[in-house]
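start-v2.txt follows; it contains compact mmCIF, C-alpha atoms.
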# COMPACT_ATOMS: atom_id res chain seq x y z
CA MET A 1 112.98 89.64 103.55
CA MET A 2 110.20 91.79 104.98
CA GLU A 3 106.60 90.87 104.21
CA ILE A 4 103.37 92.67 105.15
CA LYS A 5 100.31 90.44 105.43
CA GLU A 6 96.78 91.52 106.29
CA VAL A 7 95.23 89.92 109.37
CA LYS A 8 91.96 88.27 108.44
CA ASP A 9 91.46 85.32 110.78
CA VAL A 10 91.43 84.50 114.49
CA HIS A 11 94.79 82.71 114.30
CA SER A 12 96.45 85.85 112.92
CA ALA A 13 94.68 88.03 115.53
CA GLU A 14 96.24 85.78 118.18
CA LYS A 15 99.67 86.37 116.59
CA VAL A 16 99.09 90.12 116.85
CA ALA A 17 98.14 89.77 120.52
CA ARG A 18 101.31 87.75 121.25
CA LEU A 19 103.48 90.32 119.44
CA ALA A 20 101.71 93.15 121.28
CA ASP A 21 102.54 91.55 124.62
CA ILE A 22 106.23 91.41 123.67
CA VAL A 23 106.50 94.83 122.03
CA TRP A 24 104.54 96.79 124.60
CA ARG A 25 106.57 95.38 127.49
CA GLU A 26 109.82 96.11 125.63
CA HIS A 27 108.84 99.58 124.58
CA TYR A 28 106.60 101.05 127.29
CA ASP A 29 108.61 99.90 130.32
CA GLY A 30 109.68 103.18 131.92
CA ILE A 31 107.06 105.18 130.01
CA LEU A 32 103.89 103.60 131.42
CA ALA A 33 103.27 101.78 134.70
CA ALA A 34 103.12 97.98 134.43
CA ASP A 35 99.46 97.91 135.50
CA GLN A 36 98.56 100.37 132.72
CA ILE A 37 100.41 98.23 130.16
CA ASP A 38 98.50 95.16 131.36
CA TYR A 39 95.19 97.05 131.22
CA MET A 40 95.80 98.43 127.72
CA LEU A 41 96.98 95.08 126.33
CA ASP A 42 93.83 93.39 127.64
CA LYS A 43 91.48 96.16 126.53
CA PHE A 44 92.98 97.04 123.13
CA GLN A 45 95.38 94.30 122.00
CA SER A 46 93.96 90.96 123.15
CA ALA A 47 93.04 88.59 120.31
CA SER A 48 89.33 89.27 120.90
CA ALA A 49 89.88 93.07 120.93
CA VAL A 50 91.88 92.88 117.68
CA GLN A 51 89.18 90.73 116.07
CA GLU A 52 86.46 93.16 117.20
CA GLN A 53 88.41 96.10 115.75
CA ILE A 54 88.79 94.24 112.44
CA ASN A 55 85.05 93.53 112.44
CA ASN A 56 84.47 97.28 112.90
CA GLY A 57 86.60 98.37 109.91
CA THR A 58 90.17 98.57 111.22
CA SER A 59 92.73 96.80 109.02
CA TYR A 60 95.53 95.02 110.86
CA TYR A 61 98.75 93.86 109.22
CA LEU A 62 101.48 91.54 110.44
CA VAL A 63 105.07 92.46 109.58
CA ARG A 64 107.23 89.39 109.06
CA ASP A 65 110.85 88.73 108.27
CA ASP A 66 111.61 85.27 106.86
CA GLY A 67 108.22 84.11 108.18
CA MET A 68 108.80 85.35 111.73
CA GLY A 69 106.56 88.04 113.18
CA VAL A 70 108.54 91.21 113.89
CA GLY A 71 105.70 93.69 114.27
CA TYR A 72 102.25 94.83 113.30
CA PHE A 73 100.26 97.91 112.44
CA ALA A 74 96.63 98.91 112.09
CA ILE A 75 95.00 101.57 109.92
CA GLU A 76 91.55 103.12 109.78
CA PRO A 77 90.39 105.16 106.81
CA GLN A 78 88.53 108.15 108.20
CA GLN A 79 87.01 111.21 106.61
CA GLY A 80 89.85 112.84 104.65
CA LEU A 81 92.65 110.96 106.37
CA MET A 82 94.25 107.62 107.13
CA PHE A 83 94.54 107.07 110.86
CA ILE A 84 97.45 104.88 111.95
CA SER A 85 96.06 103.40 115.14
CA LYS A 86 99.01 101.08 115.82
CA LEU A 87 102.57 100.65 114.56
CA TYR A 88 104.79 98.42 116.65
CA LEU A 89 108.02 96.54 115.95
CA ILE A 90 109.96 94.23 118.23
CA LYS A 91 113.20 95.73 119.53
CA ALA A 92 115.41 93.71 117.14
CA ALA A 93 113.47 95.05 114.13
CA ARG A 94 113.77 98.75 114.99
CA GLY A 95 116.17 101.09 113.25
CA ILE A 96 116.71 98.92 110.15
CA GLY A 97 114.03 100.25 107.81
CA TYR A 98 110.95 98.23 108.71
CA GLY A 99 109.16 101.24 110.20
CA ARG A 100 109.91 103.30 107.09
CA SER A 101 108.59 100.45 104.90
CA CYS A 102 105.41 100.22 106.96
CA VAL A 103 104.81 103.98 106.72
CA ARG A 104 105.42 103.81 102.96
CA PHE A 105 102.86 100.97 102.68
CA ILE A 106 100.32 102.98 104.71
CA GLU A 107 100.99 106.05 102.56
CA GLU A 108 100.24 103.99 99.44
CA GLN A 109 97.00 102.77 101.01
CA ALA A 110 96.02 106.35 101.82
CA ALA A 111 96.87 107.58 98.31
CA GLN A 112 94.81 104.79 96.70
CA ARG A 113 91.84 105.94 98.78
CA LYS A 114 92.52 109.63 97.96
CA LEU A 115 93.16 110.40 101.64
CA GLY A 116 95.59 113.32 101.79
CA ILE A 117 96.71 113.04 105.41
CA MET A 118 98.11 110.31 107.63
CA ARG A 119 97.49 110.89 111.34
CA LEU A 120 98.66 109.04 114.44
CA THR A 121 98.89 109.49 118.17
CA VAL A 122 102.04 108.90 120.21
CA ASN A 123 102.61 109.05 123.95
CA ARG A 124 104.14 112.41 124.88
CA LYS A 125 106.81 110.66 127.00
CA ASN A 126 107.76 108.40 124.09
CA SER A 127 110.55 110.67 122.83
CA THR A 128 112.20 107.94 120.75
CA SER A 129 109.06 107.29 118.70
CA VAL A 130 108.31 111.02 118.38
CA ALA A 131 111.80 111.50 116.91
CA VAL A 132 111.35 108.57 114.52
CA TYR A 133 108.00 109.91 113.27
CA LYS A 134 109.51 113.37 112.77
CA LYS A 135 112.33 111.79 110.75
CA LEU A 136 109.66 110.07 108.63
CA GLY A 137 108.02 113.42 107.84
CA PHE A 138 105.33 113.68 110.54
CA SER A 139 104.76 116.90 112.49
CA ILE A 140 103.13 117.45 115.86
CA VAL A 141 99.79 119.17 115.28
CA GLY A 142 98.32 118.99 118.78
CA GLU A 143 98.12 117.09 122.01
CA GLY A 144 95.47 115.69 124.27
CA SER A 145 94.59 113.40 127.11
CA VAL A 146 91.95 110.67 126.75
CA ASP A 147 90.43 108.72 129.65
CA ILE A 148 90.64 105.04 128.67
CA GLY A 149 89.01 103.66 131.81
CA GLY A 150 90.49 101.73 134.69
CA GLY A 151 91.81 104.99 136.16
CA PHE A 152 94.19 105.46 133.20
CA SER A 153 94.56 108.05 130.47
CA MET A 154 96.53 108.33 127.25
CA ASP A 155 98.53 111.56 127.12
CA ASP A 156 99.43 111.87 123.47
CA TYR A 157 100.76 114.08 120.74
CA TYR A 158 98.77 114.11 117.51
CA MET A 159 101.08 113.88 114.51
CA GLU A 160 100.31 114.21 110.80
CA LYS A 161 102.00 113.80 107.47
CA ALA A 162 100.69 114.92 104.08
CA VAL A 163 100.17 112.22 101.48
CA LYS A 164 101.05 112.86 97.85
CA LEU A 165 97.93 111.96 95.90
CA LYS A 166 98.31 110.50 92.44

What would the structure in this file look like if it were written as structure tokens?
Amino acid sequence: MMEIKEVKDVHSAEKVARLADIVWREHYDGILAADQIDYMLDKFQSASAVQEQINNGTSYYLVRDDGMGVGYFAIEPQQGLMFISKLYLIKAARGIGYGRSCVRFIEEQAAQRKLGIMRLTVNRKNSTSVAVYKKLGFSIVGEGSVDIGGGFSMDDYYMEKAVKLK
């Protein structure tokens, strides 16, 4: 049974970092160079980076199935929208409804805060994820390239989905 649990302590931030290391290597192999994956994991998904993001207002959630971590996501309420900064599932948990459940949970969080749009970024070469997000109701609304340091950039699509407000 799937469970979503907010990350609030260092131990849980370490779980996120361990999951990130697994998921990113599974998913980005062939999309990003190995040295860029290593750089981004260290800069954005290490336990200390996750904890710093939480301290600065990002909410992280672990996705578990029968107590085992199968993924995580992070959201940031911003002016007029809910930004989905991360949404990752291990390979074995993809395609069986967990992603849809996570998006539904995020949509509920956005609606409670009266935020009418969910926005995310996705690597332009990540055609599988782009297709999944489109199936979940997101549309591409733009694209851009952001220098993230270390000689690397993120070349992303910006995708949005309207949230039904109650």

Counting all atoms listed in the file, find residues at most 12 Å from (113.0, 95.9, 118.8) (file frame) and give them as a PDB file with C-alpha atoms, in the frame of the given file.
ATOM      1  CA  LEU A  19     103.480  90.320 119.440  1.00  0.00           C
ATOM      2  CA  ALA A  20     101.710  93.150 121.280  1.00  0.00           C
ATOM      3  CA  ILE A  22     106.230  91.410 123.670  1.00  0.00           C
ATOM      4  CA  VAL A  23     106.500  94.830 122.030  1.00  0.00           C
ATOM      5  CA  TRP A  24     104.540  96.790 124.600  1.00  0.00           C
ATOM      6  CA  ARG A  25     106.570  95.380 127.490  1.00  0.00           C
ATOM      7  CA  GLU A  26     109.820  96.110 125.630  1.00  0.00           C
ATOM      8  CA  HIS A  27     108.840  99.580 124.580  1.00  0.00           C
ATOM      9  CA  TYR A  28     106.600 101.050 127.290  1.00  0.00           C
ATOM     10  CA  GLY A  69     106.560  88.040 113.180  1.00  0.00           C
ATOM     11  CA  VAL A  70     108.540  91.210 113.890  1.00  0.00           C
ATOM     12  CA  GLY A  71     105.700  93.690 114.270  1.00  0.00           C
ATOM     13  CA  TYR A  88     104.790  98.420 116.650  1.00  0.00           C
ATOM     14  CA  LEU A  89     108.020  96.540 115.950  1.00  0.00           C
ATOM     15  CA  ILE A  90     109.960  94.230 118.230  1.00  0.00           C
ATOM     16  CA  LYS A  91     113.200  95.730 119.530  1.00  0.00           C
ATOM     17  CA  ALA A  92     115.410  93.710 117.140  1.00  0.00           C
ATOM     18  CA  ALA A  93     113.470  95.050 114.130  1.00  0.00           C
ATOM     19  CA  ARG A  94     113.770  98.750 114.990  1.00  0.00           C
ATOM     20  CA  GLY A  95     116.170 101.090 113.250  1.00  0.00           C
ATOM     21  CA  ILE A  96     116.710  98.920 110.150  1.00  0.00           C
ATOM     22  CA  GLY A  97     114.030 100.250 107.810  1.00  0.00           C
ATOM     23  CA  TYR A  98     110.950  98.230 108.710  1.00  0.00           C
ATOM     24  CA  GLY A  99     109.160 101.240 110.200  1.00  0.00           C
TER      25      GLY A  99
END

Report task. Fewer than 3 positions away in the same chain doesn't count, so skip those; otherwise give me all residues within 12 Å of A:Thr128, counting only C-alpha atoms, as a list of chain:residue names. Result -> A:His27, A:Tyr28, A:Ile31, A:Arg94, A:Gly95, A:Val122, A:Asn123, A:Arg124, A:Lys125, A:Ala131, A:Val132, A:Tyr133, A:Lys134, A:Lys135

Query raised in the report: By how many Å are atom CA of A:Ile148 and atom CA of A:Asn126 apart?
Result: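 We find that atom CA of A:Ile148 and atom CA of A:Asn126 lie 18.0 Å from each other.
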
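Atom CA of A:Ile37 sits 18.0 Å away from atom CA of A:Lys15.
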
Query raised in the report: Which is closer to A:Val130 than all the others in A:Val7, A:Met159, A:Ala47, A:Leu115, using only C-alpha atoms?
Result: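 Selected residue with least distance to A:Val130: A:Met159.
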
Report task. Please measure the separation of atom CA of A:Ser101 and atom CA of A:Lys114, giving the value in Å to one decimal. Result ->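 Those two atoms sit 19.8 Å apart.
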
Query raised in the report: Please, which residues are within 9 Å of (103.1, 93.0, 108.5) by the file's coordinates, counting only C-alpha atoms, and could they come as a list in words?
Result: Met2, Glu3, Ile4, Lys5, Glu6, Val7, Tyr60, Tyr61, Leu62, Val63, Arg64, Asp65, Gly69, Val70, Gly71, Tyr72, Phe73 and Cys102 of chain A

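Counting all atoms listed in the file, the residue from A:Asp155, A:Glu14, A:Glu52, A:Glu107 that sits nearest to A:Pro77 is A:Glu107.
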
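Closest approach to A:Ala111 among A:Gln36, A:Gln79, A:Glu143, A:Lys164 is made by A:Lys164 (distances from all atoms listed in the file).
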
**Report entry** Minimum-distance residue to A:Tyr39, chosen among A:Phe152, A:Lys166, A:Phe138, A:Ser85 (using only C-alpha atoms)
**Finding:** A:Phe152

Report task. Rank A:Ile75, A:Gly149, A:Ser48, A:Val103 by their smallest atom-to-atom distance to A:Leu136, using all atoms listed in the file, and report the top residue only. Result ->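 Result for the nearest residue to A:Leu136: A:Val103.
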
Query raised in the report: Any idea what's packed within 6 Å of A:Leu81, counting all atoms listed in the file, ignoring anything in its chain fewer than 6 positions away? Could you give it as a PyMOL selection string?
Result: chain A and resi 115-118

Query - Best match for closeness to A:Leu32 among A:Ile54, A:Met82, A:Met154, A:Leu165, counting only C-alpha atoms - result: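 Result for the nearest residue to A:Leu32: A:Met154.
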
Could you pull stretch 3-18 of chain A out of the structure just shown and give all heavy atoms as an mmCIF file, in the first residue's frame?
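Listed below is the output, part-v6.cif:
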data_model
loop_
_atom_site.group_PDB
_atom_site.id
_atom_site.type_symbol
_atom_site.label_atom_id
_atom_site.label_comp_id
_atom_site.auth_asym_id
_atom_site.auth_seq_id
_atom_site.Cartn_x
_atom_site.Cartn_y
_atom_site.Cartn_z
ATOM 1 N N GLU A 3 2.147 4.975 0.609
ATOM 2 C CA GLU A 3 2.057 5.964 1.679
ATOM 3 C C GLU A 3 2.941 7.148 1.304
ATOM 4 O O GLU A 3 4.032 6.965 0.765
ATOM 5 C CB GLU A 3 2.549 5.325 2.983
ATOM 6 C CG GLU A 3 2.661 6.280 4.139
ATOM 7 C CD GLU A 3 3.331 5.643 5.353
ATOM 8 O OE1 GLU A 3 4.110 4.681 5.187
ATOM 9 O OE2 GLU A 3 3.082 6.134 6.450
ATOM 10 N N ILE A 4 2.461 8.359 1.572
ATOM 11 C CA ILE A 4 3.233 9.579 1.356
ATOM 12 C C ILE A 4 3.485 10.197 2.721
ATOM 13 O O ILE A 4 2.543 10.456 3.471
ATOM 14 C CB ILE A 4 2.463 10.564 0.448
ATOM 15 C CG1 ILE A 4 2.278 9.958 -0.947
ATOM 16 C CG2 ILE A 4 3.190 11.903 0.377
ATOM 17 C CD1 ILE A 4 1.405 10.772 -1.880
ATOM 18 N N LYS A 5 4.773 10.414 3.038
ATOM 19 C CA LYS A 5 5.147 10.922 4.358
ATOM 20 C C LYS A 5 6.094 12.112 4.198
ATOM 21 O O LYS A 5 7.095 12.015 3.496
ATOM 22 C CB LYS A 5 5.823 9.820 5.158
ATOM 23 C CG LYS A 5 6.185 10.206 6.562
ATOM 24 C CD LYS A 5 6.639 8.979 7.339
ATOM 25 C CE LYS A 5 7.181 9.240 8.703
ATOM 26 N NZ LYS A 5 6.562 10.159 9.541
ATOM 27 N N GLU A 6 5.755 13.208 4.850
ATOM 28 C CA GLU A 6 6.591 14.403 4.754
ATOM 29 C C GLU A 6 7.938 14.170 5.430
ATOM 30 O O GLU A 6 8.022 13.551 6.480
ATOM 31 C CB GLU A 6 5.889 15.617 5.369
ATOM 32 C CG GLU A 6 6.645 16.906 5.108
ATOM 33 C CD GLU A 6 5.873 18.165 5.456
ATOM 34 O OE1 GLU A 6 4.758 18.067 6.019
ATOM 35 O OE2 GLU A 6 6.386 19.254 5.145
ATOM 36 N N VAL A 7 8.976 14.695 4.809
ATOM 37 C CA VAL A 7 10.342 14.614 5.330
ATOM 38 C C VAL A 7 10.545 15.787 6.282
ATOM 39 O O VAL A 7 10.408 16.938 5.878
ATOM 40 C CB VAL A 7 11.365 14.669 4.172
ATOM 41 C CG1 VAL A 7 12.786 14.753 4.700
ATOM 42 C CG2 VAL A 7 11.175 13.487 3.245
ATOM 43 N N LYS A 8 10.873 15.463 7.531
ATOM 44 C CA LYS A 8 11.036 16.534 8.518
ATOM 45 C C LYS A 8 12.338 16.444 9.294
ATOM 46 O O LYS A 8 12.675 17.351 10.029
ATOM 47 C CB LYS A 8 9.872 16.513 9.501
ATOM 48 C CG LYS A 8 8.546 16.851 8.845
ATOM 49 C CD LYS A 8 7.500 17.166 9.861
ATOM 50 C CE LYS A 8 6.241 17.530 9.144
ATOM 51 N NZ LYS A 8 5.485 18.559 9.747
ATOM 52 N N ASP A 9 13.073 15.339 9.166
ATOM 53 C CA ASP A 9 14.278 15.191 9.978
ATOM 54 C C ASP A 9 15.461 14.768 9.109
ATOM 55 O O ASP A 9 15.308 14.409 7.944
ATOM 56 C CB ASP A 9 14.046 14.176 11.101
ATOM 57 C CG ASP A 9 13.600 12.813 10.588
ATOM 58 O OD1 ASP A 9 14.227 12.292 9.644
ATOM 59 O OD2 ASP A 9 12.617 12.279 11.122
ATOM 60 N N VAL A 10 16.645 14.825 9.689
ATOM 61 C CA VAL A 10 17.877 14.502 8.977
ATOM 62 C C VAL A 10 17.868 13.056 8.487
ATOM 63 O O VAL A 10 18.291 12.773 7.367
ATOM 64 C CB VAL A 10 19.103 14.776 9.879
ATOM 65 C CG1 VAL A 10 20.387 14.300 9.219
ATOM 66 C CG2 VAL A 10 19.183 16.252 10.215
ATOM 67 N N HIS A 11 17.365 12.146 9.299
ATOM 68 C CA HIS A 11 17.317 10.734 8.908
ATOM 69 C C HIS A 11 16.496 10.557 7.632
ATOM 70 O O HIS A 11 16.902 9.837 6.713
ATOM 71 C CB HIS A 11 16.738 9.897 10.057
ATOM 72 C CG HIS A 11 16.633 8.442 9.755
ATOM 73 N ND1 HIS A 11 17.736 7.631 9.590
ATOM 74 C CD2 HIS A 11 15.552 7.648 9.551
ATOM 75 C CE1 HIS A 11 17.332 6.409 9.310
ATOM 76 N NE2 HIS A 11 16.008 6.389 9.279
ATOM 77 N N SER A 12 15.374 11.228 7.538
ATOM 78 C CA SER A 12 14.533 11.136 6.338
ATOM 79 C C SER A 12 15.193 11.831 5.148
ATOM 80 O O SER A 12 15.068 11.366 4.006
ATOM 81 C CB SER A 12 13.157 11.736 6.603
ATOM 82 O OG SER A 12 12.464 10.962 7.564
ATOM 83 N N ALA A 13 15.909 12.930 5.387
ATOM 84 C CA ALA A 13 16.645 13.605 4.305
ATOM 85 C C ALA A 13 17.716 12.673 3.752
ATOM 86 O O ALA A 13 17.965 12.651 2.534
ATOM 87 C CB ALA A 13 17.259 14.905 4.806
ATOM 88 N N GLU A 14 18.327 11.879 4.607
ATOM 89 C CA GLU A 14 19.315 10.896 4.152
ATOM 90 C C GLU A 14 18.652 9.816 3.299
ATOM 91 O O GLU A 14 19.231 9.357 2.311
ATOM 92 C CB GLU A 14 20.034 10.275 5.352
ATOM 93 C CG GLU A 14 20.958 11.253 6.051
ATOM 94 C CD GLU A 14 21.474 10.771 7.399
ATOM 95 O OE1 GLU A 14 21.021 9.712 7.887
ATOM 96 O OE2 GLU A 14 22.329 11.471 7.955
ATOM 97 N N LYS A 15 17.429 9.420 3.648
ATOM 98 C CA LYS A 15 16.686 8.451 2.835
ATOM 99 C C LYS A 15 16.416 9.020 1.446
ATOM 100 O O LYS A 15 16.526 8.315 0.442
ATOM 101 C CB LYS A 15 15.369 8.078 3.504
ATOM 102 C CG LYS A 15 15.517 7.188 4.712
ATOM 103 C CD LYS A 15 14.148 6.864 5.296
ATOM 104 C CE LYS A 15 14.262 5.993 6.526
ATOM 105 N NZ LYS A 15 12.940 5.683 7.096
ATOM 106 N N VAL A 16 16.049 10.297 1.390
ATOM 107 C CA VAL A 16 15.814 10.949 0.095
ATOM 108 C C VAL A 16 17.100 10.914 -0.730
ATOM 109 O O VAL A 16 17.077 10.570 -1.915
ATOM 110 C CB VAL A 16 15.315 12.401 0.275
ATOM 111 C CG1 VAL A 16 15.360 13.165 -1.046
ATOM 112 C CG2 VAL A 16 13.913 12.431 0.849
ATOM 113 N N ALA A 17 18.226 11.255 -0.111
ATOM 114 C CA ALA A 17 19.497 11.279 -0.831
ATOM 115 C C ALA A 17 19.852 9.894 -1.363
ATOM 116 O O ALA A 17 20.326 9.758 -2.506
ATOM 117 C CB ALA A 17 20.607 11.808 0.078
ATOM 118 N N ARG A 18 19.616 8.852 -0.585
ATOM 119 C CA ARG A 18 19.897 7.482 -1.048
ATOM 120 C C ARG A 18 18.980 7.098 -2.212
ATOM 121 O O ARG A 18 19.431 6.498 -3.193
ATOM 122 C CB ARG A 18 19.759 6.485 0.102
ATOM 123 C CG ARG A 18 20.931 6.526 1.075
ATOM 124 C CD ARG A 18 20.945 5.346 2.024
ATOM 125 N NE ARG A 18 19.775 5.246 2.874
ATOM 126 C CZ ARG A 18 19.621 5.857 4.049
ATOM 127 N NH1 ARG A 18 20.575 6.630 4.527
ATOM 128 N NH2 ARG A 18 18.518 5.695 4.753
#
